[in-house]
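Visitor: Pasting final_1.txt here (compact mmCIF, C-alpha atoms):
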# COMPACT_ATOMS: atom_id res chain seq x y z
CA MET A 1 0.00 0.00 0.00
CA ASP A 2 1.49 3.39 -0.98
CA LEU A 3 1.87 6.31 1.42
CA THR A 4 -1.14 8.23 0.12
CA ARG A 5 -3.52 5.32 0.43
CA ARG A 6 -2.15 4.43 3.87
CA THR A 7 -2.52 7.98 5.13
CA ILE A 8 -6.11 8.17 3.94
CA LEU A 9 -7.00 4.99 5.79
CA GLN A 10 -5.25 6.24 8.93
CA GLY A 11 -7.70 9.14 8.90
CA ILE A 12 -10.77 6.93 9.18
CA ALA A 13 -12.42 7.90 12.47
CA THR A 14 -13.60 4.45 13.42
CA THR A 15 -12.17 1.02 14.17
CA PRO A 16 -13.83 -2.17 15.42
CA LEU A 17 -11.83 -1.76 18.62
CA LEU A 18 -13.65 1.44 19.49
CA THR A 19 -17.19 0.11 19.08
CA THR A 20 -17.26 -1.41 22.55
CA GLY A 21 -18.42 0.74 25.42
CA LEU A 22 -20.88 2.78 23.33
CA THR A 23 -23.60 3.79 25.78
CA LEU A 24 -26.04 6.05 23.95
CA PRO A 25 -28.83 7.24 26.27
CA ALA A 26 -32.21 5.61 25.68
CA SER A 27 -33.74 8.95 24.70
CA ALA A 28 -31.15 9.35 21.96
CA GLN A 29 -31.68 5.79 20.77
CA SER A 30 -35.41 6.37 20.40
CA ALA A 31 -34.96 9.78 18.76
CA ALA A 32 -32.23 8.79 16.32
CA PRO A 33 -33.26 7.94 12.73
CA PRO A 34 -32.28 4.56 11.33
CA ALA A 35 -28.72 4.45 10.03
CA SER A 36 -30.02 3.95 6.50
CA GLU A 37 -31.62 7.43 6.60
CA VAL A 38 -28.32 9.19 7.29
CA PRO A 39 -25.63 8.68 4.67
CA PRO A 40 -22.09 7.91 5.81
CA ILE A 41 -20.32 11.19 6.57
CA LEU A 42 -16.74 12.01 5.66
CA PHE A 43 -15.19 15.06 7.35
CA VAL A 44 -12.51 16.99 5.45
CA HIS A 45 -10.06 19.27 7.27
CA GLY A 46 -8.56 22.56 6.15
CA ASN A 47 -5.19 24.03 5.25
CA GLY A 48 -2.36 22.61 7.37
CA ASP A 49 -4.79 20.73 9.64
CA HIS A 50 -5.61 17.09 10.39
CA ALA A 51 -8.55 14.85 11.19
CA ALA A 52 -8.40 15.52 14.95
CA LEU A 53 -10.10 18.89 14.50
CA TRP A 54 -13.33 16.98 13.83
CA LEU A 55 -13.15 15.24 17.23
CA THR A 56 -16.12 17.02 18.81
CA ALA A 57 -18.20 16.86 15.63
CA LEU A 58 -17.68 13.10 15.50
CA TRP A 59 -18.67 12.80 19.16
CA ARG A 60 -21.82 14.85 18.57
CA MET A 61 -22.79 12.72 15.57
CA GLU A 62 -22.32 9.57 17.64
CA SER A 63 -24.33 11.12 20.48
CA ASN A 64 -27.23 11.48 18.04
CA GLY A 65 -27.19 7.84 17.03
CA VAL A 66 -25.01 7.95 13.91
CA PRO A 67 -22.97 4.74 14.13
CA ARG A 68 -19.23 5.25 14.52
CA SER A 69 -18.70 2.87 11.60
CA ARG A 70 -20.47 5.35 9.28
CA LEU A 71 -18.26 8.31 10.24
CA ALA A 72 -14.80 9.08 8.90
CA ALA A 73 -12.31 11.94 8.97
CA LEU A 74 -9.39 11.81 6.59
CA ASN A 75 -5.86 13.16 6.82
CA PHE A 76 -4.47 14.71 3.67
CA THR A 77 -0.86 13.56 3.40
CA ASP A 78 0.43 17.11 2.87
CA PRO A 79 -2.33 19.43 4.08
CA LEU A 80 -0.67 22.78 3.35
CA ALA A 81 -1.40 24.42 -0.01
CA ARG A 82 1.33 25.37 -2.46
CA ASN A 83 2.08 29.05 -2.98
CA ASP A 84 1.42 28.44 -6.67
CA ASP A 85 -0.91 25.54 -7.34
CA ALA A 86 1.02 24.56 -10.50
CA VAL A 87 4.50 24.65 -8.95
CA ALA A 88 5.67 21.76 -6.75
CA GLN A 89 6.82 22.54 -3.20
CA PRO A 90 8.22 20.07 -0.66
CA ASN A 91 5.58 18.67 1.69
CA ARG A 92 2.79 20.79 0.18
CA SER A 93 -0.15 19.73 -1.94
CA SER A 94 -1.89 20.91 -5.08
CA THR A 95 -5.63 21.00 -5.62
CA GLU A 96 -5.22 17.90 -7.80
CA ASP A 97 -3.35 16.08 -5.02
CA GLN A 98 -6.24 16.76 -2.65
CA ARG A 99 -8.86 15.82 -5.23
CA GLN A 100 -7.21 12.43 -5.69
CA GLU A 101 -6.86 11.75 -1.97
CA LEU A 102 -10.45 12.76 -1.26
CA THR A 103 -11.67 10.55 -4.10
CA GLU A 104 -9.84 7.60 -2.54
CA ALA A 105 -11.28 8.36 0.90
CA ILE A 106 -14.83 8.46 -0.52
CA LYS A 107 -14.22 5.11 -2.20
CA ALA A 108 -12.92 3.60 1.05
CA LEU A 109 -15.93 4.80 3.05
CA LYS A 110 -18.38 3.51 0.45
CA GLU A 111 -16.67 0.13 0.41
CA ARG A 112 -16.71 -0.12 4.19
CA THR A 113 -20.37 0.84 4.60
CA GLY A 114 -21.87 -0.51 1.38
CA ALA A 115 -23.54 2.88 0.82
CA ALA A 116 -24.14 4.21 -2.68
CA ARG A 117 -23.40 7.82 -1.71
CA VAL A 118 -21.77 9.70 1.14
CA ALA A 119 -22.07 13.16 2.67
CA LEU A 120 -19.00 15.41 2.80
CA VAL A 121 -18.35 18.13 5.38
CA GLY A 122 -15.36 20.43 4.83
CA SER A 123 -13.65 23.15 6.80
CA SER A 124 -12.00 26.00 4.89
CA ARG A 125 -9.66 24.53 2.24
CA GLY A 126 -11.38 21.18 2.70
CA GLY A 127 -14.37 22.68 0.93
CA ASN A 128 -12.19 23.42 -2.11
CA ALA A 129 -11.35 19.73 -2.34
CA ILE A 130 -15.01 18.79 -1.96
CA ARG A 131 -16.12 21.15 -4.73
CA ASN A 132 -13.32 19.89 -6.96
CA VAL A 133 -14.35 16.27 -6.50
CA VAL A 134 -18.05 16.93 -6.99
CA LYS A 135 -17.62 19.09 -10.11
CA ASN A 136 -14.89 17.07 -11.74
CA GLY A 137 -16.18 13.55 -11.74
CA GLY A 138 -17.27 12.51 -8.25
CA GLY A 139 -20.70 14.07 -7.87
CA ALA A 140 -22.50 10.75 -8.29
CA ASP A 141 -20.90 9.57 -5.05
CA VAL A 142 -21.83 12.64 -2.96
CA SER A 143 -25.34 13.24 -1.64
CA HIS A 144 -24.57 16.32 0.50
CA ALA A 145 -21.72 18.83 0.53
CA VAL A 146 -21.36 21.12 3.54
CA LEU A 147 -18.75 23.86 3.17
CA CYS A 148 -17.79 25.62 6.41
CA GLY A 149 -15.92 28.89 6.03
CA THR A 150 -14.64 27.82 2.63
CA PRO A 151 -13.18 30.79 0.69
CA ASN A 152 -15.32 29.94 -2.33
CA HIS A 153 -14.53 33.23 -4.06
CA GLY A 154 -11.02 33.49 -2.72
CA VAL A 155 -9.23 35.02 0.23
CA PHE A 156 -8.32 37.79 -2.20
CA ASP A 157 -9.21 38.73 -5.76
CA TRP A 158 -6.31 40.60 -7.34
CA ASP A 159 -3.54 40.29 -9.90
CA ASP A 160 -0.80 39.29 -7.43
CA SER A 161 -0.23 35.55 -6.85
CA PRO A 162 -2.25 34.50 -9.90
CA GLY A 163 -1.52 30.82 -9.35
CA SER A 164 -2.70 30.71 -5.73
CA GLU A 165 -5.53 28.32 -4.97
CA PHE A 166 -7.01 31.11 -2.84
CA ASN A 167 -7.01 33.82 -5.51
CA GLY A 168 -10.50 34.51 -6.81
CA ARG A 169 -8.96 35.39 -10.18
CA GLY A 170 -6.89 32.23 -10.34
CA PRO A 171 -7.66 29.33 -12.67
CA PHE A 172 -8.77 26.98 -9.89
CA LEU A 173 -11.56 29.13 -8.45
CA ARG A 174 -12.54 30.53 -11.83
CA GLY A 175 -13.10 26.96 -12.97
CA LEU A 176 -15.19 26.05 -9.93
CA ASN A 177 -17.30 29.22 -10.12
CA SER A 178 -17.96 29.27 -13.86
CA GLY A 179 -21.52 29.03 -15.13
CA ASP A 180 -24.91 30.27 -13.96
CA SER A 181 -24.78 28.11 -10.85
CA GLU A 182 -21.74 27.64 -8.63
CA VAL A 183 -22.86 24.23 -7.41
CA THR A 184 -23.22 20.89 -9.16
CA ALA A 185 -26.68 19.48 -9.83
CA GLY A 186 -27.48 16.25 -8.00
CA THR A 187 -25.56 17.15 -4.82
CA ALA A 188 -27.21 19.26 -2.11
CA PHE A 189 -24.92 22.13 -1.05
CA LEU A 190 -24.87 24.06 2.22
CA THR A 191 -22.47 26.88 3.07
CA LEU A 192 -21.92 28.13 6.62
CA ARG A 193 -20.29 31.45 7.40
CA GLY A 194 -19.93 33.85 10.31
CA ASP A 195 -21.18 37.39 10.60
CA GLY A 196 -18.07 39.41 9.77
CA LEU A 197 -15.52 37.60 11.96
CA ASP A 198 -13.95 35.32 9.34
CA LYS A 199 -10.28 36.33 8.98
CA TYR A 200 -10.29 35.04 5.40
CA ALA A 201 -13.40 36.92 4.28
CA GLN A 202 -12.34 40.50 4.91
CA ALA A 203 -12.56 43.52 2.61
CA ASP A 204 -9.24 44.94 3.82
CA GLY A 205 -5.98 43.14 3.05
CA ARG A 206 -4.46 43.66 6.51
CA LEU A 207 -4.81 40.02 7.52
CA VAL A 208 -3.15 38.81 4.31
CA GLY A 209 -0.23 41.21 4.55
CA LYS A 210 -1.57 44.20 2.61
CA PRO A 211 -3.17 46.65 5.03
CA GLY A 212 -5.33 49.25 3.33
CA VAL A 213 -5.50 47.31 0.06
CA PRO A 214 -9.00 46.05 -0.88
CA THR A 215 -9.08 42.27 -1.21
CA GLY A 216 -12.09 42.27 -3.52
CA ILE A 217 -13.72 39.85 -1.06
CA THR A 218 -16.52 40.50 1.43
CA ALA A 219 -18.03 38.60 4.34
CA GLU A 220 -20.31 36.95 1.77
CA GLY A 221 -17.34 35.32 0.04
CA PRO A 222 -18.14 31.79 1.28
CA ALA A 223 -21.69 31.88 -0.19
CA LEU A 224 -22.43 30.07 -3.45
CA LYS A 225 -25.10 30.63 -6.08
CA GLY A 226 -27.41 27.63 -6.00
CA ALA A 227 -26.53 26.54 -2.45
CA THR A 228 -28.33 26.95 0.84
CA ASN A 229 -26.29 29.75 2.43
CA LEU A 230 -26.50 30.36 6.18
CA VAL A 231 -24.96 33.01 8.42
CA ILE A 232 -24.61 31.55 11.92
CA GLY A 233 -23.65 34.46 14.12
CA ALA A 234 -20.44 35.90 15.55
CA LEU A 235 -18.32 32.84 14.81
CA ASP A 236 -14.78 32.89 13.45
CA HIS A 237 -13.25 31.10 10.47
CA ARG A 238 -12.84 27.77 12.26
CA GLU A 239 -15.85 27.92 14.56
CA VAL A 240 -18.22 27.81 11.58
CA ALA A 241 -17.11 24.17 11.22
CA PHE A 242 -16.49 23.04 14.81
CA HIS A 243 -18.78 25.09 17.07
CA PRO A 244 -21.96 23.46 18.50
CA ARG A 245 -23.99 25.99 16.49
CA ALA A 246 -22.35 24.72 13.32
CA PHE A 247 -22.98 21.11 14.30
CA ARG A 248 -26.70 21.76 14.55
CA GLU A 249 -26.86 23.02 10.96
CA ILE A 250 -24.61 20.27 9.62
CA TYR A 251 -26.72 17.57 11.25
CA LYS A 252 -30.04 19.12 10.19
CA PHE A 253 -28.92 19.42 6.59
CA ILE A 254 -27.69 15.84 6.30
CA ALA A 255 -30.16 14.01 8.55
CA GLY A 256 -33.18 16.16 7.70
CA ARG A 257 -34.14 16.75 11.33
CA GLU A 258 -33.03 18.55 14.45
CA PRO A 259 -30.40 16.72 16.52
CA ALA A 260 -31.65 15.14 19.73
CA PHE A 261 -28.51 16.35 21.51
CA ILE A 262 -26.10 19.21 21.07
CA ALA A 263 -24.09 18.28 24.18
CA ILE A 264 -21.71 15.34 23.82
CA GLN A 265 -23.12 12.26 25.56
CA PRO A 266 -20.50 10.40 27.66
CA GLU A 267 -19.47 6.76 27.48
CA ARG A 268 -18.66 4.56 30.48
CA GLU A 269 -15.50 3.16 28.88
CA VAL A 270 -13.18 5.40 26.90
CA ARG A 271 -10.22 4.42 24.75
CA ILE A 272 -8.15 6.88 22.78
CA SER A 273 -5.55 6.48 20.06
CA GLY A 274 -4.18 8.43 17.16
CA LEU A 275 -1.39 9.28 14.79
CA VAL A 276 1.92 11.04 15.41
CA THR A 277 2.83 13.32 12.53
CA GLY A 278 5.78 15.56 11.73
CA THR A 279 6.69 19.03 10.52
CA PRO A 280 9.70 18.57 8.22
CA GLY A 281 11.29 21.92 7.52
CA GLY A 282 8.64 23.57 9.67
CA VAL A 283 5.82 22.49 7.34
CA PRO A 284 2.87 20.72 9.02
CA THR A 285 2.22 17.34 7.44
CA ASN A 286 0.21 14.22 8.17
CA ARG A 287 3.11 11.94 7.33
CA PRO A 288 3.52 9.33 10.07
CA VAL A 289 6.46 9.56 12.45
CA ALA A 290 8.08 6.27 13.47
CA GLY A 291 10.00 5.83 16.72
CA ALA A 292 8.02 8.39 18.72
CA THR A 293 7.20 7.56 22.34
CA VAL A 294 3.77 8.41 23.75
CA GLU A 295 2.86 8.30 27.44
CA VAL A 296 -0.57 9.02 28.92
CA TYR A 297 -1.09 10.06 32.55
CA ARG A 298 -4.14 10.84 34.65
CA VAL A 299 -3.64 14.27 36.24
CA SER A 300 -5.34 16.51 38.74
CA GLY A 301 -7.75 18.91 37.09
CA GLU A 302 -6.83 21.49 39.71
CA THR A 303 -3.04 21.41 39.45
CA GLY A 304 -2.02 19.22 36.50
CA ALA A 305 -0.02 16.99 38.88
CA ARG A 306 0.19 13.32 37.86
CA ASN A 307 -1.91 10.71 39.60
CA GLY A 308 0.36 7.69 39.56
CA GLU A 309 2.13 5.82 36.79
CA PRO A 310 1.20 6.19 33.11
CA VAL A 311 -1.94 4.39 31.99
CA TYR A 312 -0.27 3.91 28.62
CA ARG A 313 3.26 3.92 27.24
CA GLY A 314 4.12 2.91 23.68
CA GLN A 315 6.26 3.64 20.66
CA THR A 316 5.04 4.29 17.14
CA GLY A 317 5.94 2.02 14.29
CA ALA A 318 6.13 2.82 10.60
CA ASP A 319 2.43 3.71 10.52
CA GLY A 320 2.89 6.39 13.19
CA ARG A 321 -0.01 5.05 15.28
CA TRP A 322 -0.16 5.09 19.06
CA GLY A 323 -2.65 3.57 21.51
CA PRO A 324 -5.20 2.56 22.44
CA ALA A 325 -5.06 3.96 25.95
CA GLU A 326 -7.89 3.38 28.40
CA VAL A 327 -8.67 6.63 30.19
CA ASP A 328 -11.08 7.72 32.88
CA PRO A 329 -13.79 9.85 31.21
CA THR A 330 -13.87 12.11 34.28
CA SER A 331 -10.12 12.66 34.61
CA SER A 332 -7.93 15.31 33.00
CA ILE A 333 -4.94 13.85 31.20
CA GLU A 334 -1.37 14.60 30.21
CA ILE A 335 0.02 13.11 26.99
CA VAL A 336 3.80 13.20 26.67
CA LEU A 337 5.16 13.03 23.13
CA THR A 338 8.85 12.37 22.60
CA SER A 339 9.32 12.65 18.85
CA PRO A 340 12.64 12.48 16.97
CA GLY A 341 14.18 15.91 16.39
CA ALA A 342 11.46 17.81 18.24
CA PRO A 343 10.90 19.21 21.75
CA ILE A 344 9.41 16.85 24.31
CA THR A 345 5.81 18.04 24.36
CA HIS A 346 3.56 17.68 27.41
CA PHE A 347 -0.05 17.99 26.20
CA TYR A 348 -2.60 18.82 28.90
CA ARG A 349 -6.19 18.05 27.97
CA SER A 350 -9.67 18.16 29.46
CA PRO A 351 -11.32 14.78 30.20
CA PHE A 352 -12.27 12.71 27.16
CA PRO A 353 -16.00 11.88 27.44
CA ARG A 354 -15.95 9.43 24.53
CA SER A 355 -13.57 7.16 22.68
CA SER A 356 -11.68 8.38 19.66
CA ASP A 357 -8.98 7.18 17.28
CA VAL A 358 -8.20 10.63 15.91
CA VAL A 359 -6.27 11.94 18.90
CA HIS A 360 -3.47 12.98 16.59
CA LEU A 361 -0.26 14.49 17.94
CA ARG A 362 2.26 16.92 16.47
CA ALA A 363 5.18 17.98 18.64
CA ALA A 364 5.53 21.61 19.63
CA ARG A 365 7.55 23.82 17.33
CA PRO A 366 11.32 23.88 17.96
CA LEU A 367 12.69 26.32 20.49
CA GLY A 368 13.66 29.57 18.81
CA GLN A 369 15.45 32.81 19.45
CA ALA A 370 12.44 34.25 21.27
CA ASP A 371 12.69 31.37 23.77
CA ALA A 372 16.33 32.05 24.68
CA GLY A 373 16.70 32.51 28.41
CA ALA A 374 13.25 31.15 29.26
CA GLY A 375 13.22 28.68 32.12
CA ALA A 376 9.84 27.27 31.16
CA ILE A 377 7.48 27.65 28.20
CA VAL A 378 3.76 26.99 28.04
CA ILE A 379 1.70 27.32 24.87
CA MET A 380 -2.10 27.35 24.90
CA ILE A 381 -3.71 26.35 21.62
CA ARG A 382 -7.28 26.28 20.36
CA PRO A 383 -7.42 23.94 17.35
CA ARG A 384 -11.18 24.38 16.70
CA GLY A 385 -11.32 28.15 16.70
CA TYR A 386 -9.45 31.37 17.29
CA PHE A 387 -9.10 33.52 20.37
CA GLY A 388 -11.40 36.52 20.05
CA LEU A 389 -10.79 39.52 22.29
CA PRO A 390 -12.93 40.99 23.75
CA ARG A 391 -15.43 38.36 22.54
CA ASP A 392 -13.96 35.56 24.67
CA ILE A 393 -12.75 35.15 28.22
CA LEU A 394 -9.07 34.26 27.81
CA LEU A 395 -6.60 33.98 30.68
CA LEU A 396 -3.23 32.25 30.86
CA ASP A 397 -1.64 32.16 34.30
CA GLY A 398 -4.24 34.68 35.47
CA LYS A 399 -3.56 37.29 32.77
CA GLU A 400 -4.99 38.14 29.39
CA PRO A 401 -2.27 37.26 26.85
CA ALA A 402 -0.50 40.19 25.20
CA ASP A 403 0.25 38.27 21.99
CA VAL A 404 -3.43 37.80 21.00
CA GLN A 405 -4.76 40.49 18.70
CA LYS A 406 -8.02 42.20 19.54
CA GLY A 407 -10.86 42.50 17.03
CA ILE A 408 -11.21 39.95 14.23
CA PRO A 409 -10.16 36.58 15.75
CA THR A 410 -6.87 35.62 14.11
CA ASP A 411 -4.77 33.78 16.70
CA ALA A 412 -5.16 30.14 17.72
CA ALA A 413 -2.13 30.03 20.05
CA THR A 414 -0.58 32.09 22.81
CA THR A 415 2.85 31.57 24.40
CA LEU A 416 4.01 32.33 27.94
CA ARG A 417 7.71 32.28 28.86
CA LEU A 418 8.62 32.10 32.54
CA PRO A 419 11.84 32.06 34.59
CA ALA A 420 13.52 28.85 35.71
CA GLY A 421 12.27 29.38 39.25
CA ASP A 422 8.72 28.66 38.05
CA VAL A 423 9.55 25.14 36.83
CA GLY A 424 7.32 22.60 38.55
CA ARG A 425 4.48 24.92 39.46
CA SER A 426 1.00 24.94 37.94
CA VAL A 427 -0.26 27.26 35.23
CA ILE A 428 -3.99 27.57 34.53
CA GLY A 429 -5.34 28.15 31.03
CA LEU A 430 -8.91 29.49 30.95
CA PHE A 431 -10.96 29.87 27.79
CA ASN A 432 -14.59 30.74 28.46
CA GLU A 433 -15.88 27.72 30.44
CA GLU A 434 -12.95 25.38 29.76
CA ARG A 435 -10.21 25.35 32.40
CA ILE A 436 -7.01 23.28 32.06
CA ALA A 437 -4.15 23.05 34.54
CA ALA A 438 -0.61 22.32 33.33
CA ARG A 439 2.74 21.81 35.01
CA LEU A 440 5.79 23.76 33.92
CA TRP A 441 8.78 21.78 32.64
CA PRO A 442 12.41 22.90 32.21
CA ALA A 443 13.05 24.40 28.79
CA SER A 444 16.72 23.52 29.31
CA GLU A 445 15.72 19.88 28.80
CA GLY A 446 13.94 20.72 25.54
CA ARG A 447 10.46 20.41 27.11
CA ILE A 448 7.36 22.48 26.39
CA ALA A 449 3.97 22.38 28.12
CA MET A 450 1.03 22.56 25.75
CA ILE A 451 -2.48 23.37 26.99
CA GLU A 452 -4.73 22.05 24.22
CA LEU A 453 -8.32 23.23 24.42
CA THR A 454 -11.19 21.04 23.32
CA ASN A 455 -13.75 23.81 22.83
Turn the structure described in the file into structure tokens.
Guide:
Amino acid sequence: MDLTRRTILQGIATTPLLTTGLTLPASAQSAAPPASEVPPILFVHGNGDHAALWLTALWRMESNGVPRSRLAALNFTDPLARNDDAVAQPNRSSTEDQRQELTEAIKALKERTGAARVALVGSSRGGNAIRNVVKNGGGADVSHAVLCGTPNHGVFDWDDSPGSEFNGRGPFLRGLNSGDSEVTAGTAFLTLRGDGLDKYAQADGRLVGKPGVPTGITAEGPALKGATNLVIGALDHREVAFHPRAFREIYKFIAGREPAFIAIQPEREVRISGLVTGTPGGVPTNRPVAGATVEVYRVSGETGARNGEPVYRGQTGADGRWGPAEVDPTSSIEIVLTSPGAPITHFYRSPFPRSSDVVHLRAARPLGQADAGAGAIVIMIRPRGYFGLPRDILLLDGKEPADVQKGIPTDAATTLRLPAGDVGRSVIGLFNEERIAARLWPASEGRIAMIELTN
């Protein structure tokens, strides 16, 4: 099996191992439509991302009775777009690369479920791949296409960077948007967008490096002629895919009814596993990393201190997979990733209420010049959205971070550097109602603490 095919299959968000312990409440079982009424759903991530961003969406689908075996989330091998779609770049993908990988993932899901057609849900660039597949030969396999924050008319529309996938004047988007309708007949299309807070749908070029220069794009950029187009409030570029409000619209559109639950319904037994991936040359990829060690600890939700020995310790093989680890669904956890050529990364996470095999791990970025002299470093990241100030409550170690811009949400990470005397103490990350405690580790040992938010 070649690397592309293997990577696609690694992105499938279900395995027979994870079907045990499913404890859907009786009310959900009675409210859920038969599986045959909901097509299998394949979730497609965005630029530079991976399948793990769909974690909460998968949990919410399961909580509403969609069998885990009919849900999938793929990893594009090289998720970052090329600067020029026609010019090869190391560890980056073209629109054609993504079209081929998505086509293979659709085929795999159809074969596994026996379904004639599948539904596709894409975040940002993932929607470009979905439109490309549907328009250029794969529409017969796709019943529904949900595009969340996809820059359907570009991030910019100007003469610079004519070969960019994200240029509204470029050949890729011109081809997708040609004709009286911008959707393909036979597939039902839904677009979701926020009300002015999408960093990639702004009239001013400040957020793409050209302040004061009109982009030619407005907040309506993600809408498509011929689609159902919804504006779902003050949500940012990523939240329109991963927020509970987005889930409601995704589920309604595909299932044809309101979800029985928005909140994630817990399981009694929880097992987690995932893929370790690398960033060669600083480029995020979904290429598996062999020889990485993963440890999982139960920790105090108040302090981040470990509660005993690891519940799991293992090393990745050629496929980059780790796990499964059995975890307490009520306990906060620490995942320690020791990956070749990268800092030792201590991930601190909220309790996992349900099982998942897309708990994918990328080591923290290498220590840089800005880290020189720091005794300890903690990074708080929000994979499923951006930090919006003053929209959100955001505190790291009791203070609002200075490196998060106010206004349009643009930042998904904030970094705190502390003196060596702070090593070993607790740091609290607070984002709205989610609170995570982490322990500080010595930067001199090449260690970084990572507070990874779920919400």
Visitor: So that I can see what lies close to Ala342 in chain A, please list as a PyMOL selection string the residues with an atom at most 10 Å from it, counting all atoms listed in the file and leaving out residues fewer than 2 positions away in the same chain.
Guide: chain A and resi 278-279+337-340+344-345+362-367+446-447
Visitor: Rank A:Arg238, A:Lys199, A:Arg417, A:Arg354 by their smallest atom-to-atom distance to Asp371 in chain A, using all atoms listed in the file, and report the top residue only.
Guide: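 Closest candidate: A:Arg417.
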Visitor: Between A:Leu147, A:Ala260, A:Val336, A:Val296, which has the minimum distance to Pro222 in chain A (counting only C-alpha atoms)?
Guide: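 Of the candidates, the smallest distance to Pro222 in chain A is held by A:Leu147.
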Visitor: Please identify every residue of range 225-296 of chain A that has at least one atom no farther than 8 Å from an atom of range 179-197 of chain A, counting only C-alpha atoms, and for each give the shortest atom pair and the distance in Å to one decimal, arranged by chain then increasing number, as CSV.
Guide:
residue,atom,partner,partner_atom,distance
A:Lys225,CA,A:Glu182,CA,5.2
A:Gly226,CA,A:Ser181,CA,5.5
A:Ala227,CA,A:Phe189,CA,4.9
A:Thr228,CA,A:Leu190,CA,4.7
A:Asn229,CA,A:Thr191,CA,4.8
A:Leu230,CA,A:Leu192,CA,5.1
A:Val231,CA,A:Arg193,CA,5.0
A:Ile232,CA,A:Gly194,CA,5.5
A:Gly233,CA,A:Asp195,CA,5.2
A:Ala234,CA,A:Asp195,CA,5.2
A:Leu235,CA,A:Gly194,CA,4.9
A:Asp236,CA,A:Leu197,CA,5.0
A:His237,CA,A:Leu197,CA,7.0
A:Val240,CA,A:Arg193,CA,5.9
A:Ala241,CA,A:Leu192,CA,7.7
A:Ala246,CA,A:Leu192,CA,7.5
A:Phe253,CA,A:Leu190,CA,7.6
Visitor: So, with all atoms listed in the file as the atoms that count, which of A:Pro244, A:Gly127, A:Pro40, A:Gly308 lies closest to Ile264 in chain A?
Guide: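 The shortest atom-to-atom distance to Ile264 in chain A comes from A:Pro244.
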Visitor: Name the closest residue to His45 in chain A among the candidates A:Thr150, A:Val142, A:Gly114, A:Ile451; distances are taken between atoms, counting only C-alpha atoms.
Guide: A:Thr150
Visitor: Provide the CA of Gly304 in chain A to CA of Met450 in chain A distance in Å, to one decimal place.
Guide: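 Computed distance, CA of Gly304 in chain A to CA of Met450 in chain A, equals 11.7 Å.
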Visitor: Determine, counting all atoms listed in the file, which protein, DNA and RNA residues have an atom within 10 Å of an atom of range 160-175 of chain A; residues of the same chain fewer than 5 positions away are not included. Present the result as a PyMOL selection string.
Guide: chain A and resi 81-87+94-96+125+128+131-132+135+150-155+182+200+215-217+221
